[in-house]
Amino acid sequence: MAETVKKKALVIVESPAKAKTINKYLGPAYEVKASMGHVRDLPSKGINVDIENNFEPTYDIMPGKKRTVTSLKSAAKKCDTLYLATDLDREGEAIAWHLAQILKIPEENTYRVIFNAITKTAIQQAFAEPGKLDTDKVMAQQARRILDRIVGYQISPLLWKKVAKGLSAGRVQSVAVKIVVEREREIRVFDPQEYWLIPAVFTTDLSNDYQQAWIDFINTKDDKDKGPTIAQQNIWLAERSAFKADLYTIKGEKFHVDNETRAKEIYEALNGADYKVANLEKKESKSRPSPPFITSTLQQAAANRLGFTAKRTMRVAQQLYEGIELGDMGSLGLITYMRTDSTHLSPEAVNEARGFIQRRFGDEYVPEKPQFYSSKKNAQQAHEAVRPTDVDMTPEDIKSLVSDEQYRLYDLIWRRFVACQMTPARWDVTNVTVAADTAVGECIYRTTGRTLIFDGFTKVWFRSSDQQQLPDLQVAQPLNAINVDAQQHFTKPPARYNEASLVKALEKEGIGRPSTYASIISTIQDRGYVRQEQRKFFATDLGEVVTDKLNDYFPKIMDISFTRYMEEQLDKIEEQHLDWLAVLNEFYAPFKENLEKAREEMKHAKAETIPSDHTCPDCGASMYYRFGKNGKFLSCSTYPECKFACPCDAEGNPVKDQVTEHKCPNCGKDMIIKRGRFGEFLGCSGYPECKTIQNMDKDGNILPPKPPPEPSGVKCYKCKEGELVIRQSKRGPFLGCGRFPKCRTIISMKQLDHLKKLQAEGKWPPATYEEADEILGRKKSAKKKTAKKKTKKASKKKSSQRAASKKAKKKTA
């Protein structure tokens with residue numbers, strides 16, 4: 001009797017790296033395959049959501065994934081059990097659901113396995129207790145996807161018509177742009193207010209005069225033309241028993257001066273005054289460690305400490321999570337899952353951390369009880385914080401085995417996790433009051449000094465070196481004033497957002513979710529709505545115009561509180577079994593009204609004008625701001641009678657022509673710097689009579705003109721009149737018709753020798769396009785044509801069935 005061979009179980013994960021790491025923990029009874037991310041989605045062409053039929057989505061295999069799906073189907077036929085081991089978040093659950101729909105393994109043999117870390121223990125535990133697909137989580141993700149598709153595919157075409165082609169709108173991205181635009185406008189209208197400070201430097205050393213030495217020191221510059229840092233200043237002061245203090249009160253009233261006259265009066269009174277220590281307050285303070293990382297705080301810390309973008313942080317974190325080859329140890333997952341909003345830590349992880357701290361640093365660094373941190377209200381407590389999978393695997397242990405960026409991010413995560421289970425740092429804090437009787441009354445200076453008495457968690461986490469160290473002081477002790485300085489200041493506008501602060505703002509406002517922050521920030525830059533300079537975000541003219549249009553006609557979508565509410569509703573689909581169709585219906589009814597109103601009433605951005613304070617240099621009429629393909633510009637209000645126009649800067653002022661030393665090669669006039677949609681270039685000052693332009697590199701040097709097209713000797717098969725010429729592009733040479741733009745034929749350069757041979761044999765150019773396609777290898781096979789026809793017939797059949805169903809429903813109603 002033949003022995004039955006037991007079939008392998010099929011395990012599907014997202015990536016080959018994850019598959020490789022998991023495979024070694026499962027053994028020969030399992031076959032691990034990778035889906036390479038999403039395999040099925042709403043097709044990119046068309047909305048593909050039947051709004052009238054309960055928002056029914058139409059899913060297709062994604063472009064480029066057919067081979068992957070075929071491979072997975074083939075593997076599924078050879079197995080009797082399917083384990084879906086995609087990521088544990090909503091997106092991972094949706095991928096698992098789509099795979100189950102495609103592979104059609106019986107539900108009783110399909111299991112869902114989730115794990116927070118790719119370690120042997122976590123994997124074996126997950127497979128020992130497999131679960132089933134979480135339908136609520138799938139529906140929450142589907143509702144989110146449909147909602148985003150409706151907004152994107154119904155507002156974006158409106159923006160193409162009313163602003164410019166190629167634009168997009170999004171339920172979350174548009175609100176993110178609005179946050180940057182509002183900050184831009186706050187900065188623009190900010191009115192700086194003058195104020196004065198009169199800081200002083202004191203010393204207990206009465207026998208030496210350090211006045212000139214301090215002036216010389218503070219005016220020294222390094223090779224980057226920067227003065228001494230705060231840390232360097234503190235060292236200099238400590239060596240001379242000196243410290244800095246700020247003027248706090250005059251005659252018992254808090255010091256505040258907003259004009260130079262009063263500031264100089266007080267300054268003169270303070271010069272030459274006798275100073276003494278009026279009061280000392282000493283106390284001990286503690287600084288506690290921060291919670292372990294969640295996605296948003298990891299992105300913020302990596303931006304601030306490592307200079308990483310949110311996108312780069314998530315890419316490197318994904319590598320650390322999925323597994324990295326570590327020499328003889330093989331592929332190991334180094335951190336837990338990086339898309340999380342929970343600060344929860346498993347008891348095992350906490351105990352491992354406490355044991356490591358005790359062994360490495362001693363008992364005094366281990367708190368009496370484990371430290372637990374509360375998460376925000378909507379956090380998913382089933383998830384853990386981002387932490388190392390093995391605390392004994394120190395950053396130094398893996399430094400030589402990983403890339404620099406992997407090491408730096410792992411070091412950050414490892415330090416934050418270890419620090420969160422260590423004792424607080426303790427400081428001796430001294431508050432000093434210095435008094436002087438002057439002509440303007442008693443003047444009080446205040447300062448604070450901190451001395452570290454126990455480093456605690458700062459043994460592994462970063463500590464500021466900007467703490468002022470005070471000399472030994474006694475009440476009534478006389479002091480020498482090394483320096484008293486009256487300094488003029490102006491209040492500053494709100495700071496521009498950088499990656500870290502924008503992530504913090506999105507999180508605070510409940511816009512998007514931790515897993516989406518990186519893609520939101522990347523998308524709003526790619527669309528040209530914001531730009532980044534020196535790591536700070538600036539709203540572009542395009543971003544402002546689109547934000548205003550959407551604010552006017554889609555107030556709910558652009559309302560931050562409503563966006564937060566919708567995120568909470570989507571969360572409730574998963575957590576409280578809220579009906580996903582009810583959420584979509586609640587959103588769509590008012591949205592549809594706004595959409596219809598916008599289609600009828602929204603004016604084109606180019607047709608709108610805003611008055612300015614500038615006058616036309618040609619005719620003296622007032623100037624208007626208009627919006628064009630290159631952004632905002634100034635134009636004469638009498639247009640088209642007067643056609644004067646010029647670009648304007650971010651403040652709305654006219655940009656004057658910047659004349660260069662270059663001369664026009666055609667007419668000899670000065671070349672000036674102009675700005676276009678692709679950056680700066682040189683244009684002739686004789687425009688429009690002379691239309692010469694020259695491209696520049698980043699350093700302002702003129703780039704050589706592109707070489708003229710090179711004849712190939714081969715005739716064009718489309719127009720039969722032109723000859724194919726060799727042109728240059730960023731991707732290399734290609735063949736194009738010499739009659740461009742009248743004829744736009746393009747052929748791969750690889751075909752040149754073949755076409756020359758055919759032309760010599762009298763077989764080129766062919767009589768028809770079909771023959772040309774066949775010669776060039778472009779002809780679709782009969783098999784593909786048949787498949788395409790079948791697909792068209794099936795879709796027609798499906799749409800007719802839907803139409804019939806709708807009619808039947810109406811009749812019943």
# chains A, B, ... in the order shown; residues from 1 in each chain; ligands from 1

$ residues_around --residues "stretch 750-763 of chain A" --least-positions-apart "2" --cutoff "12 Å" --atoms "only C-alpha atoms" --output "mmCIF file with C-alpha atoms, in the first residue's frame"
data_model
loop_
_atom_site.group_PDB
_atom_site.id
_atom_site.type_symbol
_atom_site.label_atom_id
_atom_site.label_comp_id
_atom_site.auth_asym_id
_atom_site.auth_seq_id
_atom_site.Cartn_x
_atom_site.Cartn_y
_atom_site.Cartn_z
ATOM 1 C CA PRO A 711 20.913 61.410 -39.260
ATOM 2 C CA SER A 712 20.481 57.617 -39.333
ATOM 3 C CA GLY A 713 19.680 57.078 -43.016
ATOM 4 C CA VAL A 714 16.531 55.104 -42.107
ATOM 5 C CA LYS A 715 13.112 56.323 -43.298
ATOM 6 C CA CYS A 716 10.167 56.921 -40.941
ATOM 7 C CA TYR A 717 7.465 54.264 -41.323
ATOM 8 C CA GLU A 723 14.108 60.331 -41.805
ATOM 9 C CA LEU A 724 14.793 58.826 -38.401
ATOM 10 C CA VAL A 725 17.429 60.775 -36.476
ATOM 11 C CA ILE A 726 19.405 59.899 -33.345
ATOM 12 C CA GLY A 732 20.371 57.694 -23.499
ATOM 13 C CA PRO A 733 20.005 57.887 -27.309
ATOM 14 C CA PHE A 734 16.830 56.954 -29.168
ATOM 15 C CA LEU A 735 15.447 57.128 -32.728
ATOM 16 C CA GLY A 736 12.870 59.804 -33.533
ATOM 17 C CA ILE A 746 9.913 56.930 -31.460
ATOM 18 C CA ILE A 747 11.895 53.695 -31.864
ATOM 19 C CA SER A 748 14.457 52.035 -29.611
ATOM 20 C CA PRO A 765 9.494 51.039 -44.371
ATOM 21 C CA PRO A 766 6.564 48.571 -44.469
ATOM 22 C CA ALA A 767 3.220 49.449 -45.997
ATOM 23 C CA THR A 768 1.148 49.335 -42.766
ATOM 24 C CA GLU A 771 3.625 45.272 -40.207
ATOM 25 C CA ALA A 772 5.909 47.831 -38.586
ATOM 26 C CA ILE A 775 8.951 43.948 -37.239
ATOM 27 C CA LEU A 776 9.656 46.034 -34.115
ATOM 28 C CA GLY A 777 8.356 43.287 -31.808
#

$ residues_around --residues "stretch 439-449 of chain A" --least-positions-apart "4" --cutoff "8 Å" --atoms "only C-alpha atoms" --output "list in words"
Lys244, Ala245, Asp246, Leu247, Tyr248, Thr249, Ile250, Lys251, Gly252, Ile266, Ala269, Val429, Thr430, Asn431, Val432, Thr433, Val434, Ala435, Gln467, Gln468, Gln469 and Leu470 of chain A

$ residues_around --residues "stretch 293-307 of chain A" --least-positions-apart "5" --cutoff "10 Å" --atoms "only C-alpha atoms" --output "PDB file with N, CA and C atoms, in the first residue's frame"
ATOM      1  N   ARG A 312      12.814  57.760   4.967  1.00  0.00           N
ATOM      2  CA  ARG A 312      14.060  57.012   5.168  1.00  0.00           C
ATOM      3  C   ARG A 312      14.009  56.225   6.477  1.00  0.00           C
ATOM      4  N   THR A 313      13.466  56.835   7.506  1.00  0.00           N
ATOM      5  CA  THR A 313      13.345  56.156   8.799  1.00  0.00           C
ATOM      6  C   THR A 313      12.533  54.877   8.662  1.00  0.00           C
ATOM      7  N   MET A 314      11.394  54.967   7.965  1.00  0.00           N
ATOM      8  CA  MET A 314      10.525  53.792   7.830  1.00  0.00           C
ATOM      9  C   MET A 314      11.165  52.722   6.944  1.00  0.00           C
ATOM     10  N   ALA A 317      13.845  51.082   9.154  1.00  0.00           N
ATOM     11  CA  ALA A 317      13.172  50.319  10.212  1.00  0.00           C
ATOM     12  C   ALA A 317      12.582  49.029   9.660  1.00  0.00           C
ATOM     13  N   TYR A 337       7.777  45.255  15.329  1.00  0.00           N
ATOM     14  CA  TYR A 337       7.066  45.911  14.223  1.00  0.00           C
ATOM     15  C   TYR A 337       7.055  47.419  14.415  1.00  0.00           C
ATOM     16  N   MET A 338       7.381  48.143  13.329  1.00  0.00           N
ATOM     17  CA  MET A 338       7.669  49.586  13.459  1.00  0.00           C
ATOM     18  C   MET A 338       6.462  50.476  13.185  1.00  0.00           C
ATOM     19  N   ARG A 339       5.311  49.919  12.831  1.00  0.00           N
ATOM     20  CA  ARG A 339       4.107  50.752  12.638  1.00  0.00           C
ATOM     21  C   ARG A 339       3.182  50.520  13.817  1.00  0.00           C
ATOM     22  N   THR A 340       3.292  51.363  14.807  1.00  0.00           N
ATOM     23  CA  THR A 340       2.535  51.168  16.040  1.00  0.00           C
ATOM     24  C   THR A 340       2.279  52.512  16.707  1.00  0.00           C
ATOM     25  N   ASP A 341       1.167  52.599  17.445  1.00  0.00           N
ATOM     26  CA  ASP A 341       0.890  53.807  18.224  1.00  0.00           C
ATOM     27  C   ASP A 341       0.790  53.470  19.710  1.00  0.00           C
ATOM     28  N   SER A 342       1.309  52.304  20.082  1.00  0.00           N
ATOM     29  CA  SER A 342       1.220  51.845  21.468  1.00  0.00           C
ATOM     30  C   SER A 342       2.597  51.839  22.131  1.00  0.00           C
ATOM     31  N   THR A 343       2.643  52.304  23.390  1.00  0.00           N
ATOM     32  CA  THR A 343       3.900  52.268  24.157  1.00  0.00           C
ATOM     33  C   THR A 343       3.967  51.012  25.038  1.00  0.00           C
ATOM     34  N   HIS A 344       3.031  50.094  24.836  1.00  0.00           N
ATOM     35  CA  HIS A 344       2.984  48.860  25.626  1.00  0.00           C
ATOM     36  C   HIS A 344       4.249  48.028  25.400  1.00  0.00           C
ATOM     37  N   SER A 375      -0.465  54.751  26.869  1.00  0.00           N
ATOM     38  CA  SER A 375      -0.580  55.153  25.466  1.00  0.00           C
ATOM     39  C   SER A 375      -1.737  56.124  25.314  1.00  0.00           C
ATOM     40  N   GLU A 384       2.998  46.270  20.382  1.00  0.00           N
ATOM     41  CA  GLU A 384       4.038  46.731  21.300  1.00  0.00           C
ATOM     42  C   GLU A 384       4.695  47.982  20.742  1.00  0.00           C
ATOM     43  N   ALA A 385       5.444  48.651  21.610  1.00  0.00           N
ATOM     44  CA  ALA A 385       6.262  49.778  21.170  1.00  0.00           C
ATOM     45  C   ALA A 385       7.386  49.255  20.270  1.00  0.00           C
ATOM     46  N   VAL A 386       8.073  50.165  19.597  1.00  0.00           N
ATOM     47  CA  VAL A 386       9.222  49.779  18.772  1.00  0.00           C
ATOM     48  C   VAL A 386      10.412  49.557  19.714  1.00  0.00           C
ATOM     49  N   ARG A 387      10.952  48.358  19.721  1.00  0.00           N
ATOM     50  CA  ARG A 387      12.051  48.013  20.625  1.00  0.00           C
ATOM     51  C   ARG A 387      12.942  46.961  19.974  1.00  0.00           C
ATOM     52  N   GLU A 405      23.434  53.492   8.183  1.00  0.00           N
ATOM     53  CA  GLU A 405      22.111  53.991   8.550  1.00  0.00           C
ATOM     54  C   GLU A 405      21.347  52.970   9.391  1.00  0.00           C
ATOM     55  N   ARG A 408      22.836  53.280  12.957  1.00  0.00           N
ATOM     56  CA  ARG A 408      22.443  54.507  13.657  1.00  0.00           C
ATOM     57  C   ARG A 408      20.996  54.447  14.141  1.00  0.00           C
ATOM     58  N   LEU A 409      20.102  53.893  13.302  1.00  0.00           N
ATOM     59  CA  LEU A 409      18.699  53.812  13.720  1.00  0.00           C
ATOM     60  C   LEU A 409      18.525  52.752  14.805  1.00  0.00           C
ATOM     61  N   LEU A 412      19.607  54.137  18.100  1.00  0.00           N
ATOM     62  CA  LEU A 412      18.606  55.051  18.654  1.00  0.00           C
ATOM     63  C   LEU A 412      17.483  54.266  19.342  1.00  0.00           C
ATOM     64  N   ILE A 413      16.979  53.229  18.661  1.00  0.00           N
ATOM     65  CA  ILE A 413      15.873  52.414  19.201  1.00  0.00           C
ATOM     66  C   ILE A 413      16.331  51.653  20.442  1.00  0.00           C
ATOM     67  N   TRP A 414      17.530  51.072  20.376  1.00  0.00           N
ATOM     68  CA  TRP A 414      18.064  50.289  21.502  1.00  0.00           C
ATOM     69  C   TRP A 414      18.249  51.185  22.731  1.00  0.00           C
ATOM     70  N   ARG A 416      16.785  54.070  23.475  1.00  0.00           N
ATOM     71  CA  ARG A 416      15.506  54.559  24.006  1.00  0.00           C
ATOM     72  C   ARG A 416      14.818  53.467  24.828  1.00  0.00           C
ATOM     73  N   PHE A 417      14.871  52.223  24.346  1.00  0.00           N
ATOM     74  CA  PHE A 417      14.231  51.111  25.054  1.00  0.00           C
ATOM     75  C   PHE A 417      14.927  50.833  26.389  1.00  0.00           C
ATOM     76  N   CYS A 420      14.277  53.594  28.964  1.00  0.00           N
ATOM     77  CA  CYS A 420      12.925  53.692  29.519  1.00  0.00           C
ATOM     78  C   CYS A 420      12.723  52.782  30.724  1.00  0.00           C
ATOM     79  N   PHE A 462      20.791  60.390  25.575  1.00  0.00           N
ATOM     80  CA  PHE A 462      21.556  61.604  25.332  1.00  0.00           C
ATOM     81  C   PHE A 462      21.263  62.668  26.397  1.00  0.00           C
ATOM     82  N   ASN A 498       9.435  71.444  10.208  1.00  0.00           N
ATOM     83  CA  ASN A 498      10.377  70.504   9.603  1.00  0.00           C
ATOM     84  C   ASN A 498       9.706  69.136   9.660  1.00  0.00           C
ATOM     85  N   GLU A 499      10.418  68.091   9.250  1.00  0.00           N
ATOM     86  CA  GLU A 499       9.780  66.766   9.226  1.00  0.00           C
ATOM     87  C   GLU A 499       9.294  66.356  10.613  1.00  0.00           C
ATOM     88  N   ALA A 500      10.138  66.579  11.627  1.00  0.00           N
ATOM     89  CA  ALA A 500       9.785  66.159  12.985  1.00  0.00           C
ATOM     90  C   ALA A 500       8.572  66.913  13.501  1.00  0.00           C
ATOM     91  N   SER A 501       8.563  68.242  13.345  1.00  0.00           N
ATOM     92  CA  SER A 501       7.460  69.031  13.897  1.00  0.00           C
ATOM     93  C   SER A 501       6.171  68.844  13.091  1.00  0.00           C
ATOM     94  N   LEU A 502       6.285  68.544  11.777  1.00  0.00           N
ATOM     95  CA  LEU A 502       5.075  68.291  10.982  1.00  0.00           C
ATOM     96  C   LEU A 502       4.447  66.951  11.382  1.00  0.00           C
ATOM     97  N   VAL A 503       5.273  65.946  11.611  1.00  0.00           N
ATOM     98  CA  VAL A 503       4.762  64.656  12.100  1.00  0.00           C
ATOM     99  C   VAL A 503       4.062  64.860  13.445  1.00  0.00           C
ATOM    100  N   LYS A 504       4.679  65.660  14.315  1.00  0.00           N
ATOM    101  CA  LYS A 504       4.101  65.937  15.635  1.00  0.00           C
ATOM    102  C   LYS A 504       2.754  66.638  15.491  1.00  0.00           C
ATOM    103  N   LEU A 506       0.683  66.525  12.826  1.00  0.00           N
ATOM    104  CA  LEU A 506      -0.281  65.571  12.266  1.00  0.00           C
ATOM    105  C   LEU A 506      -0.799  64.632  13.346  1.00  0.00           C
ATOM    106  N   GLU A 507       0.114  64.180  14.202  1.00  0.00           N
ATOM    107  CA  GLU A 507      -0.280  63.273  15.287  1.00  0.00           C
ATOM    108  C   GLU A 507      -1.183  63.987  16.291  1.00  0.00           C
ATOM    109  N   ARG A 513      -2.598  58.372  10.166  1.00  0.00           N
ATOM    110  CA  ARG A 513      -2.185  57.429  11.195  1.00  0.00           C
ATOM    111  C   ARG A 513      -0.670  57.227  11.098  1.00  0.00           C
ATOM    112  N   PRO A 514      -0.016  56.710  12.144  1.00  0.00           N
ATOM    113  CA  PRO A 514       1.450  56.604  12.133  1.00  0.00           C
ATOM    114  C   PRO A 514       2.029  55.980  10.869  1.00  0.00           C
ATOM    115  N   SER A 515       1.336  54.982  10.342  1.00  0.00           N
ATOM    116  CA  SER A 515       1.861  54.303   9.153  1.00  0.00           C
ATOM    117  C   SER A 515       1.791  55.161   7.898  1.00  0.00           C
ATOM    118  N   THR A 516       1.006  56.267   7.949  1.00  0.00           N
ATOM    119  CA  THR A 516       0.816  57.081   6.733  1.00  0.00           C
ATOM    120  C   THR A 516       1.610  58.378   6.741  1.00  0.00           C
ATOM    121  N   TYR A 517       2.224  58.767   7.871  1.00  0.00           N
ATOM    122  CA  TYR A 517       2.894  60.062   7.951  1.00  0.00           C
ATOM    123  C   TYR A 517       3.981  60.215   6.881  1.00  0.00           C
ATOM    124  N   ALA A 518       4.799  59.180   6.708  1.00  0.00           N
ATOM    125  CA  ALA A 518       5.911  59.267   5.748  1.00  0.00           C
ATOM    126  C   ALA A 518       5.388  59.494   4.331  1.00  0.00           C
ATOM    127  N   ARG A 535      15.806  71.771   5.277  1.00  0.00           N
ATOM    128  CA  ARG A 535      14.988  70.902   6.133  1.00  0.00           C
ATOM    129  C   ARG A 535      13.727  71.575   6.687  1.00  0.00           C
TER     130      ARG A 535
END

$ atom_distance --atom1 "atom CA of A:Phe538" --atom2 "atom CA of A:Val181"
7.9 Å
